Every structure is written in structure tokens, then in C-alpha cells.
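Participant: Next comes the structure file coords.cif, holding mmCIF, C-alpha atoms.
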```
data_work
loop_
_atom_site.label_atom_id
_atom_site.label_comp_id
_atom_site.auth_asym_id
_atom_site.auth_seq_id
_atom_site.Cartn_x
_atom_site.Cartn_y
_atom_site.Cartn_z
CA MET A 162 0.00 0.00 0.00
CA THR A 163 1.38 3.42 -0.86
CA SER A 164 1.63 6.28 1.63
CA ALA A 165 -0.99 8.14 -0.42
CA ALA A 166 -3.44 5.31 0.11
CA ARG A 167 -2.75 5.33 3.86
CA ASP A 168 -3.26 9.10 4.05
CA ASP A 169 -6.48 8.90 2.07
CA ALA A 170 -7.90 6.12 4.29
CA THR A 171 -11.22 6.00 2.45
CA GLN A 172 -11.82 2.25 2.72
CA TYR A 173 -11.21 -0.65 5.04
CA LEU A 174 -9.11 -3.50 3.69
CA TYR A 175 -9.81 -5.83 6.62
CA THR A 176 -12.07 -5.47 9.65
CA PHE A 177 -11.40 -7.16 12.95
CA PRO A 178 -13.99 -9.64 14.22
CA SER A 179 -16.78 -8.61 16.56
CA ASN A 180 -15.95 -11.55 18.83
CA VAL A 181 -12.82 -13.51 19.63
CA GLY A 182 -13.21 -16.97 21.15
CA LEU A 183 -11.22 -20.15 21.57
CA ASP A 184 -11.41 -23.26 19.44
CA ASP A 185 -11.23 -26.87 20.70
CA ARG A 186 -7.42 -26.66 20.87
CA GLY A 187 -7.43 -23.45 22.87
CA ALA A 188 -6.29 -21.29 19.98
CA LEU A 189 -7.90 -17.92 19.22
CA SER A 190 -10.93 -18.17 16.97
CA LEU A 191 -11.96 -15.09 15.01
CA GLN A 192 -15.72 -14.77 14.78
CA TRP A 193 -17.63 -12.44 12.46
CA PRO A 194 -21.42 -12.04 12.37
CA LYS A 195 -23.20 -14.54 10.15
CA GLY A 196 -23.00 -13.55 6.53
CA LYS A 197 -20.11 -11.14 7.08
CA GLY A 198 -16.36 -11.51 6.77
CA PRO A 199 -13.19 -9.50 7.22
CA PHE A 200 -12.77 -8.20 3.67
CA VAL A 201 -15.17 -5.34 3.07
CA ASN A 202 -15.52 -2.19 1.02
CA GLY A 203 -16.75 0.65 3.18
CA PRO A 204 -15.77 3.90 4.89
CA ALA A 205 -12.85 3.85 7.30
CA PRO A 206 -12.58 6.14 10.35
CA ALA A 207 -11.81 9.68 9.29
CA PRO A 208 -8.16 10.61 9.88
CA SER A 209 -7.28 13.52 12.16
CA ARG A 210 -4.43 15.82 11.17
CA ALA A 211 -4.98 17.92 14.29
CA LEU A 212 -3.49 15.39 16.70
CA ALA A 213 0.06 16.06 15.48
CA THR A 214 -0.16 19.83 15.90
CA VAL A 215 0.56 22.42 18.57
CA GLN A 216 -1.74 25.42 18.94
CA ALA A 217 -0.93 28.86 20.38
CA ARG A 218 -3.40 31.31 21.88
CA GLN A 219 -1.74 34.72 22.09
CA GLU A 220 -2.73 37.12 24.87
CA ALA A 221 -4.65 34.39 26.66
CA PHE A 222 -3.67 36.22 29.86
CA SER A 223 -2.91 39.90 30.37
CA ALA A 224 0.26 41.14 32.07
CA GLU A 225 -1.75 41.89 35.21
CA GLU A 226 -3.20 38.37 35.19
CA CYS A 227 0.27 36.88 34.74
CA ASP A 228 1.43 38.89 37.78
CA ARG A 229 -1.55 37.56 39.71
CA ILE A 230 -0.69 33.95 38.80
CA VAL A 231 2.96 34.46 39.77
CA ALA A 232 1.88 35.84 43.13
CA LEU A 233 -0.28 32.76 43.71
CA GLY A 234 2.57 30.45 42.73
CA GLU A 235 5.20 32.20 44.81
CA THR A 236 3.09 32.02 47.98
CA ALA A 237 2.19 28.32 47.49
CA HIS A 238 4.23 25.48 48.97
CA ALA A 239 7.26 24.86 46.73
CA GLU A 240 8.96 21.56 45.98
CA ALA A 241 11.51 20.18 43.57
CA GLY A 242 10.13 19.09 40.22
CA GLY A 243 10.58 15.38 39.62
CA VAL A 244 9.65 12.50 37.33
CA GLU A 245 7.73 9.31 38.07
CA SER A 246 10.75 7.19 37.21
CA GLY A 247 14.32 7.75 36.11
CA ALA A 248 17.21 9.93 37.17
CA SER A 249 16.44 13.08 39.15
CA HIS A 250 18.67 15.20 36.91
CA TYR A 251 16.28 14.55 34.01
CA ARG A 252 14.10 17.32 35.38
CA VAL A 253 15.45 20.20 37.45
CA SER A 254 13.00 22.91 38.46
CA ARG A 255 10.88 24.28 41.31
CA ILE A 256 7.13 23.67 41.27
CA ALA A 257 4.06 24.53 43.35
CA TRP A 258 0.51 23.21 43.06
CA LEU A 259 -2.48 25.53 42.79
CA SER A 260 -5.62 23.75 43.98
CA PRO A 261 -9.19 25.05 43.64
CA ASN A 262 -10.02 27.72 46.22
CA PRO A 263 -11.64 31.18 46.16
CA ASP A 264 -8.37 32.75 44.98
CA THR A 265 -7.84 30.31 42.08
CA GLU A 266 -11.36 29.58 40.84
CA TRP A 267 -11.07 32.26 38.14
CA LEU A 268 -7.89 30.57 36.89
CA PHE A 269 -9.55 27.15 36.57
CA HIS A 270 -12.46 28.77 34.70
CA ARG A 271 -10.07 30.53 32.32
CA LEU A 272 -8.05 27.40 31.52
CA ALA A 273 -11.24 25.37 31.11
CA ALA A 274 -12.51 27.89 28.56
CA LEU A 275 -9.20 27.73 26.66
CA PHE A 276 -9.23 23.92 26.63
CA CYS A 277 -12.83 23.85 25.38
CA GLU A 278 -12.08 26.45 22.72
CA MET A 279 -9.03 24.60 21.41
CA ASN A 280 -10.74 21.23 21.61
CA ARG A 281 -13.05 22.37 18.82
CA TYR A 282 -9.95 21.80 16.70
CA TYR A 283 -8.75 18.54 18.29
CA GLY A 284 -12.16 16.92 18.82
CA LEU A 285 -11.17 14.85 21.86
CA ASP A 286 -13.51 13.53 24.54
CA LEU A 287 -12.71 15.72 27.57
CA VAL A 288 -14.13 15.58 31.10
CA GLY A 289 -12.18 18.15 33.14
CA PHE A 290 -9.26 18.65 35.52
CA VAL A 291 -7.97 15.88 37.77
CA ASP A 292 -4.65 17.45 38.81
CA ALA A 293 -4.13 20.79 40.47
CA LEU A 294 -2.50 23.42 38.25
CA GLN A 295 1.30 23.40 38.27
CA TYR A 296 3.28 26.60 38.72
CA THR A 297 6.82 25.94 37.46
CA VAL A 298 10.02 27.94 37.85
CA TYR A 299 13.23 27.27 35.92
CA GLY A 300 16.39 29.05 37.04
CA ALA A 301 19.88 28.99 35.57
CA ASP A 302 20.95 25.50 34.35
CA GLN A 303 17.48 24.08 35.08
CA HIS A 304 15.46 22.20 32.48
CA PHE A 305 13.05 19.35 31.70
CA ASP A 306 14.37 16.86 29.12
CA TRP A 307 12.26 15.05 26.47
CA HIS A 308 9.10 13.56 27.95
CA LEU A 309 5.39 12.89 27.47
CA ASP A 310 2.67 14.17 29.78
CA LEU A 311 1.05 10.73 29.66
CA GLY A 312 2.24 8.20 32.20
CA PRO A 313 1.11 5.27 34.33
CA GLY A 314 -1.90 5.39 36.59
CA SER A 315 -4.22 8.39 36.48
CA THR A 316 -1.99 10.37 34.10
CA SER A 317 -2.79 7.84 31.37
CA ALA A 318 -6.12 9.67 30.98
CA ARG A 319 -4.55 13.03 30.14
CA LYS A 320 -5.74 14.21 26.72
CA LEU A 321 -4.61 17.82 26.25
CA SER A 322 -1.80 19.80 27.90
CA MET A 323 -1.44 23.55 28.27
CA SER A 324 1.58 25.68 29.12
CA VAL A 325 1.05 29.38 29.87
CA GLN A 326 4.06 31.66 29.57
CA LEU A 327 4.28 33.89 32.67
CA SER A 328 7.71 35.49 32.14
CA ASP A 329 8.64 38.20 29.71
CA PRO A 330 11.09 36.77 27.13
CA GLY A 331 13.62 39.46 28.09
CA GLU A 332 13.81 38.12 31.64
CA TYR A 333 15.70 34.95 30.68
CA GLU A 334 17.63 33.13 27.96
CA GLY A 335 17.26 29.50 26.93
CA GLY A 336 14.26 27.71 28.42
CA ALA A 337 12.58 27.07 25.06
CA LEU A 338 9.52 24.81 24.87
CA GLU A 339 10.28 22.43 22.01
CA PHE A 340 8.44 19.51 20.38
CA ILE A 341 9.67 16.53 18.39
CA SER A 342 8.67 16.76 14.70
CA VAL A 343 6.59 19.90 15.33
CA ALA A 344 7.84 23.40 14.63
CA THR A 345 8.24 25.65 17.66
CA GLN A 346 5.47 28.22 17.91
CA PRO A 347 6.98 31.65 17.13
CA ASP A 348 5.03 33.37 19.94
CA ALA A 349 5.54 30.64 22.55
CA ALA A 350 7.83 32.87 24.64
CA ARG A 351 5.53 35.90 24.58
CA ARG A 352 4.12 36.63 28.02
CA GLY A 353 0.51 35.54 28.41
CA THR A 354 0.60 33.06 25.50
CA ALA A 355 -1.02 29.66 26.07
CA ILE A 356 0.40 26.66 24.18
CA ILE A 357 -2.02 23.72 23.83
CA PHE A 358 -1.08 20.28 22.54
CA PRO A 359 -2.06 16.59 22.80
CA SER A 360 -0.48 15.12 25.93
CA PHE A 361 1.19 12.32 23.95
CA LEU A 362 3.43 14.71 22.00
CA ALA A 363 7.06 14.53 23.16
CA HIS A 364 8.38 17.89 24.33
CA ARG A 365 11.04 19.48 26.50
CA VAL A 366 12.13 22.73 28.13
CA THR A 367 15.75 23.46 27.19
CA PRO A 368 18.19 24.62 29.90
CA VAL A 369 17.81 28.20 31.08
CA THR A 370 21.15 29.97 30.65
CA ARG A 371 20.23 33.29 32.27
CA GLY A 372 17.42 34.61 34.45
CA ILE A 373 14.22 32.86 35.50
CA ARG A 374 11.44 31.33 33.38
CA ARG A 375 7.99 30.93 34.96
CA SER A 376 5.03 29.06 33.53
CA LEU A 377 1.68 27.54 34.47
CA VAL A 378 0.82 24.02 33.32
CA GLY A 379 -2.53 22.26 33.28
CA TRP A 380 -3.92 19.02 31.85
CA ALA A 381 -7.40 18.21 30.55
CA TYR A 382 -8.49 14.64 31.24
CA GLY A 383 -10.91 12.36 29.45
CA PRO A 384 -11.77 8.67 29.05
CA THR A 385 -8.70 6.54 28.47
CA PHE A 386 -7.70 6.09 24.83
CA ARG A 387 -9.20 2.91 23.45
#
```
Translate this structure into C-alpha cells?
Facilitator:
Amino acid sequence: MTSAARDDATQYLYTFPSNVGLDDRGALSLQWPKGKGPFVNGPAPAPSRALATVQARQEAFSAEECDRIVALGETAHAEAGGVESGASHYRVSRIAWLSPNPDTEWLFHRLAALFCEMNRYYGLDLVGFVDALQYTVYGADQHFDWHLDLGPGSTSARKLSMSVQLSDPGEYEGGALEFISVATQPDAARRGTAIIFPSFLAHRVTPVTRGIRRSLVGWAYGPTFR
């Protein structure tokens, strides 16, 4: 099959059975409904080109709102950023968690609106937030190497990720948010910009070489991929 045929994806070549059983020898037995078989000529699921893209929403937050978020993050309990498994030097940063309360409700509403707006493009099945929002600070020589936002346990249900730039680009050097096989958004470093992407896209924050980079990260959850 040519790549053009795969991209077009207008017809099934082979459909999987509706039931899988075992024969007398204990081997798998493929079972189709009576009168039907695997080789058919019909519409295949429509492909989605959106799932390999990164979207940017400029001026999602004003300078005053960014200051307000920074104030919330700086007064919250801070801890070292880590990873679920692997070496600790893979991720070096300071983080704080912003949970729902009267001071942060507006922030959850704003991120929810952004997720819903951008999901018109992605078309994923979203439910809401499971994690608190993560306020992240990268200082000199700090970074987060290549990773996915999906992981074991509850994080396997993450569908969309969002990173909000809280620092002015003149306040630091380095610290670029990069994606594998996806061009870096030209306005990603502009203060108040929200970057939204599918949580399975590999990305990293390159080492900060000068100053401090601050961001807010949130994840929209939905039913597990199946």
C-alpha cells in the first residue's frame, strides 16, 4: 500500500472480528457475524491531522493576570520538580501546586474555557481537571528533558496539555519549549501566550542559561484512549 493510500484512508481493507473466542485446541478463533467476513468495502474512520499539531493562543492572559498567577505560585508550597521514574537530573525545576479555592477559581475557569475552545480543533472527549495546576520555575541550568505528559496510573487519561508563559522573554535566555517533529510556535515565549497540545506529543524545556522562566501548566483529562 502506498503512503498516499494510507493518508487517504477512504476504505477498510480488513475489519477485525466482533468476537474472539477459543477453538477446541485453545487457539484464538476469530468470529464475524453470520453472513459477514473480514474483507469489506466501506468507509474507514476519518483521519485527524490535528493530533500532530501544537496550537498557540496569544494574549490568553494579560500582564496583570500573569502577575496575579505568579503571586499565587510564589506564595504556594514549593517543591523540587521530579519525574515518576528515572534519574532526578532529568528534570530540574521548582514547582508549586495551585488547587481550587476562592483565589484560584477564576484561573480554573479561564483554563477550562481555553481547553474547550481549542478542543473544537482537536475533537477529543474531555471531562475536566484531575490534577491541580502546576506553577513551574526554571532558574539557571534548570530544564526538563524530552518527555510525554502521559504516564502510568491516572496520568494515562490526560488528553490535552497547556503551558502558559508567565515570564517576559527578556527576563531569561534558553528555556525554550520544544516539540519533536513539530515546529516551535513563534510566539511561545511571549508573556501571556497559552500553548495547547495533545499530551502524547514529546516535548522538553531546554536549559535556562540566564534569568528565570515561569510558567503555568494544566492538563485536561478524558476517558482513556481505546
Participant: Here's the selection I'm unsure about, the PyMOL selection byres ((chain A and resi 258) around 6); applied to the file above, which residues does it give, as a list of chain:residue names?
Facilitator: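 Output from the PyMOL selection byres ((chain A and resi 258) around 6), applied to this file: A:Ala257, A:Leu259, A:Ala293, A:Leu294, A:Gln295.
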Participant: Can you list, as a PyMOL selection string, every protein, DNA or RNA residue that comes within 6 Å of Phe305 of chain A when you count all atoms listed in the file, leaving out same-chain residues fewer than 4 positions away?
Facilitator: chain A and resi 252+365-366
Participant: What would the file look like if the residues just selected were written as a PDB file, in the coordinates of the input with C-alpha atoms?
Facilitator:
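Saved the output as result12.pdb:
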```pdb
ATOM      1  CA  ARG A 252      14.100  17.320  35.380  1.00  0.00           C
ATOM      2  CA  ARG A 365      11.040  19.480  26.500  1.00  0.00           C
ATOM      3  CA  VAL A 366      12.130  22.730  28.130  1.00  0.00           C
TER       4      VAL A 366
END
```
Participant: Give the answer as one residue: which of A:Ala350, A:Leu272, A:Val298, A:Ala355 has the shortest atom-to-atom distance to Arg374 of chain A, using only C-alpha atoms?
Facilitator: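 The shortest atom-to-atom distance to Arg374 of chain A comes from A:Val298.
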Participant: Once the PyMOL selection byres ((chain A and resi 223) around 12) has been evaluated on this model, what residues remain selected, and can you format them as an NGL selection string?
Facilitator: :A and (219-222 or 224-230 or 271 or 325-329 or 351-355)
Participant: Taking 2 positions as the minimum chain separation for residues in the same chain, which residues sit within 12 Å of Pro347 of chain A when counting all atoms listed in the file? Answer as a ChimeraX atom specification.
Facilitator: /A:215-219,330,337-339,343-345,349-351,354,356
Participant: Between atom CA of Gly314 of chain A and atom CA of Ser260 of chain A, measure the distance and give it in Å to one decimal.
Facilitator: 20.1 Å
Participant: Restricting the calculation to all atoms listed in the file, which member of A:Glu334, A:Tyr282, A:Leu311, A:Val181 is positioned closest to Thr214 of chain A?
Facilitator: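 Residue with the minimum atom-to-atom distance to Thr214 of chain A: A:Tyr282.
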Participant: If I take atom CA of Ser322 of chain A and atom CA of Gly242 of chain A, how far is one from the other in Å, to one decimal?
Facilitator: 17.2 Å
Participant: Quick one: residues within 12 Å of (-0.5, 15.1, 11.6) (file frame), counting all atoms listed in the file, please, as a list in words.
Facilitator: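 Here is the list of nearby residues: Asp168, Pro208, Ser209, Arg210, Ala211, Leu212, Ala213, Thr214, Val215, Tyr283, Ser342, Val343, Pro359 and Leu362 of chain A.
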Participant: Could you please determine the separation between atom CA of Ala239 of chain A and atom CA of His270 of chain A in Å, to one decimal place?
Facilitator: 23.4 Å
Participant: Using all atoms listed in the file for the distances, tell me which of A:Leu321, A:Leu309, A:Asn262, A:Trp193 is nearest to Phe340 of chain A.
Facilitator: A:Leu309
Participant: Which one of A:Pro194, A:Tyr296, A:Leu233, A:Glu278 sits closest to Thr265 of chain A if you count all atoms listed in the file?
Facilitator: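 Result for the nearest residue to Thr265 of chain A: A:Leu233.
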Participant: Applying 10 Å and only C-alpha atoms, which residues near Val288 of chain A remain after dropping the ones on its own chain fewer than 3 positions away? List them as a list in words.
Facilitator: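 So, after excluding close chain neighbours, the residues are Leu285, Val291, Ala318, Arg319, Lys320, Ala381, Tyr382, Gly383 and Pro384 of chain A.
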Participant: Under the rule that only C-alpha atoms are counted, which of A:Asp292, A:Glu240, A:Asp348, A:Glu332 is the nearest residue to Ser254 of chain A?
Facilitator: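 Among the listed residues, A:Glu240 lies closest to Ser254 of chain A.
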